[in-house]
Amino acid sequence: MSKNILQIMKERRSVRKYTDKLIDETDLNKIIEAGLFAPNAGGGQRSMLLVMNDKELVEKVGRLNASCIRRDKLEGGYVSAEQPSIIDDPTIKSGFYGAPTVVAVFAQKNFLYNIPDAFCCAENMVLEAYNLGISSCIVARGEDTFTTPEGMDYLKKWNVPENMECKCFVLLGYIAGKYPDMKKRREGRVMVVTE
Ligand SMILES: Cc1cc2nc3c(=O)[nH]c(=O)nc-3n(C[C@H](O)[C@H](O)[C@H](O)COP(=O)(O)O)c2cc1C
């Protein structure tokens, strides 16, 4: 039986331990389609998706991503014990955690809503991924990754239009080990007003 959307939202978790198995092309296409159908500011459909579908390439860009982390700018010291992030474990060398496929989400430079546009795409993709039994994680530092000299070389090589800027990444793959449990929600995060 298929899951309902609220159940998908509640059960989806960020996964940072992956097997090498590539995801099926039909599933990848559905996840991309979900990204393309995300809400977008002004209906402009300005974001762009770039799929990195090669383990070696993903590892190289993932290491660039990890090298851009600004530990002094981070608030709070701990993300997950079950699925440690590079914040939790500085020995992890790739910000993409060995995921076999990574989608870079690009948005239009200097557009007021470029960040929300990109993250709406990312959110749609991770939800559809979970729906299909595929694990995922949204990863930041898109701008930093591609303003390193090596990152800029990739953009040139891939002919990414100059008016586009990477805002985030969506890691995709199959989990190695047990899927993380649902996280409890913090209390006191909702206010209802009537006047
Ligand atoms: C804007 C944003 C940026 C994120 N950046 C990273 C990141 O750089 N690296 C990472 O491992 N996880 C990243 N995450 C995933 C969060 O750490 C994760 O969503 C959070 O810990 C809650 O866990 P859950 O997704 O399993 O519910 C990011 C999530 C969001 C929404």
# chains A, B, ... in the order shown; residues from 1 in each chain; ligands from 1
>>> residues_near_ligand(ligand="ligand 1", cutoff="7 Å", atoms="only C-alpha atoms and all ligand atoms", output="list in words")
Arg12, Arg13, Ser14, Val15, Arg16, Val79, Ser80, Ser85, Ile86, Gly95, Cys137, Ile138, Val139, Ala140, Arg141 and Lys183 of chain A
>>> write_last_selection(atoms="C-alpha atoms", output="short mmCIF file (atom, residue, chain, number, x, y, z; two decimals), in the first residue's frame")
data_model
loop_
_atom_site.label_atom_id
_atom_site.label_comp_id
_atom_site.auth_asym_id
_atom_site.auth_seq_id
_atom_site.Cartn_x
_atom_site.Cartn_y
_atom_site.Cartn_z
CA ARG A 12 11.90 10.68 5.87
CA ARG A 13 15.30 11.10 7.47
CA SER A 14 18.67 12.43 6.38
CA VAL A 15 20.93 9.50 5.56
CA ARG A 16 24.72 9.75 5.61
CA VAL A 79 23.62 16.74 14.29
CA SER A 80 23.10 12.98 14.58
CA SER A 85 27.55 14.51 9.70
CA ILE A 86 30.89 16.15 8.99
CA GLY A 95 30.37 16.16 2.38
CA CYS A 137 20.14 14.07 2.41
CA ILE A 138 20.06 17.77 1.60
CA VAL A 139 23.54 19.29 1.82
CA ALA A 140 24.49 22.97 1.90
CA ARG A 141 27.60 24.89 0.75
CA LYS A 183 12.77 12.22 15.49
#
>>> residues_around(residues="Met48 in chain A", least_positions_apart="5", cutoff="7 Å", atoms="only C-alpha atoms", output="list in words")
Val105, Phe106 and Ala107 of chain A
>>> atom_distance(atom1="CA of Phe119 in chain A", atom2="CA of Asp88 in chain A")
23.2 Å
>>> residues_around(residues="Cys68 in chain A", least_positions_apart="6", cutoff="9 Å", atoms="only C-alpha atoms", output="PDB file with N, CA and C atoms, in the first residue's frame")
ATOM      1  N   ARG A 141      26.298  24.450   1.272  1.00  0.00           N
ATOM      2  CA  ARG A 141      27.596  24.891   0.751  1.00  0.00           C
ATOM      3  C   ARG A 141      27.717  24.780  -0.772  1.00  0.00           C
ATOM      4  N   ASP A 144      29.825  27.832  -2.041  1.00  0.00           N
ATOM      5  CA  ASP A 144      31.249  27.695  -1.667  1.00  0.00           C
ATOM      6  C   ASP A 144      31.942  26.606  -2.487  1.00  0.00           C
ATOM      7  N   THR A 145      31.233  25.494  -2.674  1.00  0.00           N
ATOM      8  CA  THR A 145      31.837  24.366  -3.394  1.00  0.00           C
ATOM      9  C   THR A 145      32.270  24.798  -4.794  1.00  0.00           C
ATOM     10  N   THR A 148      35.413  27.457  -5.329  1.00  0.00           N
ATOM     11  CA  THR A 148      36.808  27.005  -5.209  1.00  0.00           C
ATOM     12  C   THR A 148      37.352  26.932  -6.643  1.00  0.00           C
TER      13      THR A 148
END
>>> closest_residue(among="A:Asn4, A:Ser135, A:Asn65, A:Thr19", to="Glu150 in chain A", atoms="only C-alpha atoms")
A:Asn65
>>> select_by_dssp(residues="range 41-105 of chain A", states="helix (DSSP H, G or I)", output="ChimeraX atom specification")
/A:41-43,55-67,71-73
>>> residues_around(residues="Arg71 in chain A", least_positions_apart="2", cutoff="12 Å", atoms="only C-alpha atoms", output="PDB file with N, CA and C atoms, in the first residue's frame")
ATOM      1  N   ALA A  66      33.184  19.376   1.504  1.00  0.00           N
ATOM      2  CA  ALA A  66      33.583  19.264   2.922  1.00  0.00           C
ATOM      3  C   ALA A  66      34.680  20.269   3.265  1.00  0.00           C
ATOM      4  N   SER A  67      35.542  20.560   2.286  1.00  0.00           N
ATOM      5  CA  SER A  67      36.649  21.484   2.561  1.00  0.00           C
ATOM      6  C   SER A  67      36.139  22.907   2.793  1.00  0.00           C
ATOM      7  N   CYS A  68      34.903  23.175   2.389  1.00  0.00           N
ATOM      8  CA  CYS A  68      34.349  24.537   2.513  1.00  0.00           C
ATOM      9  C   CYS A  68      33.653  24.772   3.840  1.00  0.00           C
ATOM     10  N   ILE A  69      33.609  23.784   4.702  1.00  0.00           N
ATOM     11  CA  ILE A  69      32.835  23.953   5.945  1.00  0.00           C
ATOM     12  C   ILE A  69      33.475  25.032   6.828  1.00  0.00           C
ATOM     13  N   LYS A  73      31.259  29.176  12.037  1.00  0.00           N
ATOM     14  CA  LYS A  73      29.957  29.804  11.755  1.00  0.00           C
ATOM     15  C   LYS A  73      28.783  28.926  12.178  1.00  0.00           C
ATOM     16  N   LEU A  74      29.075  27.704  12.631  1.00  0.00           N
ATOM     17  CA  LEU A  74      27.993  26.770  12.936  1.00  0.00           C
ATOM     18  C   LEU A  74      27.471  26.973  14.343  1.00  0.00           C
ATOM     19  N   GLU A  75      26.153  26.889  14.440  1.00  0.00           N
ATOM     20  CA  GLU A  75      25.542  26.981  15.772  1.00  0.00           C
ATOM     21  C   GLU A  75      25.175  25.584  16.231  1.00  0.00           C
ATOM     22  N   GLY A  76      25.451  25.266  17.474  1.00  0.00           N
ATOM     23  CA  GLY A  76      25.127  23.918  17.967  1.00  0.00           C
ATOM     24  C   GLY A  76      26.193  22.963  17.481  1.00  0.00           C
ATOM     25  N   GLY A  77      26.490  21.949  18.288  1.00  0.00           N
ATOM     26  CA  GLY A  77      27.643  21.128  17.952  1.00  0.00           C
ATOM     27  C   GLY A  77      27.339  19.742  17.460  1.00  0.00           C
ATOM     28  N   TYR A  78      26.050  19.380  17.374  1.00  0.00           N
ATOM     29  CA  TYR A  78      25.786  17.977  17.145  1.00  0.00           C
ATOM     30  C   TYR A  78      24.572  17.786  16.240  1.00  0.00           C
ATOM     31  N   ILE A  86      29.499  15.708   8.892  1.00  0.00           N
ATOM     32  CA  ILE A  86      30.893  16.148   8.989  1.00  0.00           C
ATOM     33  C   ILE A  86      31.108  17.074  10.191  1.00  0.00           C
ATOM     34  N   ILE A  87      30.011  17.605  10.725  1.00  0.00           N
ATOM     35  CA  ILE A  87      30.114  18.416  11.948  1.00  0.00           C
ATOM     36  C   ILE A  87      30.404  17.496  13.135  1.00  0.00           C
ATOM     37  N   ASP A  88      29.736  16.344  13.145  1.00  0.00           N
ATOM     38  CA  ASP A  88      29.903  15.402  14.258  1.00  0.00           C
ATOM     39  C   ASP A  88      31.238  14.661  14.177  1.00  0.00           C
ATOM     40  N   ASP A  89      31.656  14.353  12.952  1.00  0.00           N
ATOM     41  CA  ASP A  89      32.837  13.510  12.781  1.00  0.00           C
ATOM     42  C   ASP A  89      33.783  14.131  11.749  1.00  0.00           C
ATOM     43  N   PRO A  90      34.782  14.884  12.220  1.00  0.00           N
ATOM     44  CA  PRO A  90      35.688  15.575  11.296  1.00  0.00           C
ATOM     45  C   PRO A  90      36.559  14.626  10.465  1.00  0.00           C
TER      46      PRO A  90
END
>>> residues_around(residues="range 32-42 of chain A", least_positions_apart="3", cutoff="10 Å", atoms="only C-alpha atoms", output="ChimeraX atom specification")
/A:26-29,45-51,103,105,111-114,116-129
>>> select_by_dssp(residues="range 68-183 of chain A", states="strand (DSSP E)", output="list in words")
Thr101, Val102, Val103, Ala104, Val105, Phe106, Ala107, Gln108, Ser135, Ser136, Cys137, Ile138, Val139, Met164, Glu165, Cys166, Lys167, Cys168, Phe169, Val170, Leu171, Leu172 and Gly173 of chain A
>>> closest_residue(among="A:Leu132, A:Leu172, A:Met182, A:Cys166", to="Lys3 in chain A", atoms="only C-alpha atoms")
A:Leu132
>>> atom_distance(atom1="CA of Val58 in chain A", atom2="CA of Tyr154 in chain A")
11.9 Å
>>> residues_around(residues="range 175-178 of chain A", least_positions_apart="2", cutoff="10 Å", atoms="only C-alpha atoms", output="NGL selection string")
:A and (15-21 or 82-83 or 99 or 133-136 or 172-173 or 180-181)
>>> write_last_selection(atoms="C-alpha atoms", output="compact mmCIF listing (two decimals), in the first residue's frame")
# COMPACT_ATOMS: atom_id res chain seq x y z
CA VAL A 15 20.93 9.50 5.56
CA ARG A 16 24.72 9.75 5.61
CA LYS A 17 25.72 6.09 5.16
CA TYR A 18 25.26 4.67 1.66
CA THR A 19 25.94 1.50 -0.28
CA ASP A 20 27.62 1.77 -3.71
CA LYS A 21 24.48 0.69 -5.58
CA GLU A 82 23.01 7.45 14.13
CA GLN A 83 23.92 9.26 10.91
CA ALA A 99 26.24 8.63 -1.91
CA GLY A 133 12.44 3.62 -0.99
CA ILE A 134 15.54 5.69 -1.75
CA SER A 135 17.54 7.44 0.94
CA SER A 136 18.64 11.04 0.70
CA LEU A 172 20.56 9.93 -3.32
CA GLY A 173 21.24 6.24 -2.78
CA PRO A 180 16.99 6.06 11.35
CA ASP A 181 13.96 6.32 13.61
>>> atom_distance(atom1="CA of Asn53 in chain A", atom2="CA of Leu6 in chain A")
29.6 Å
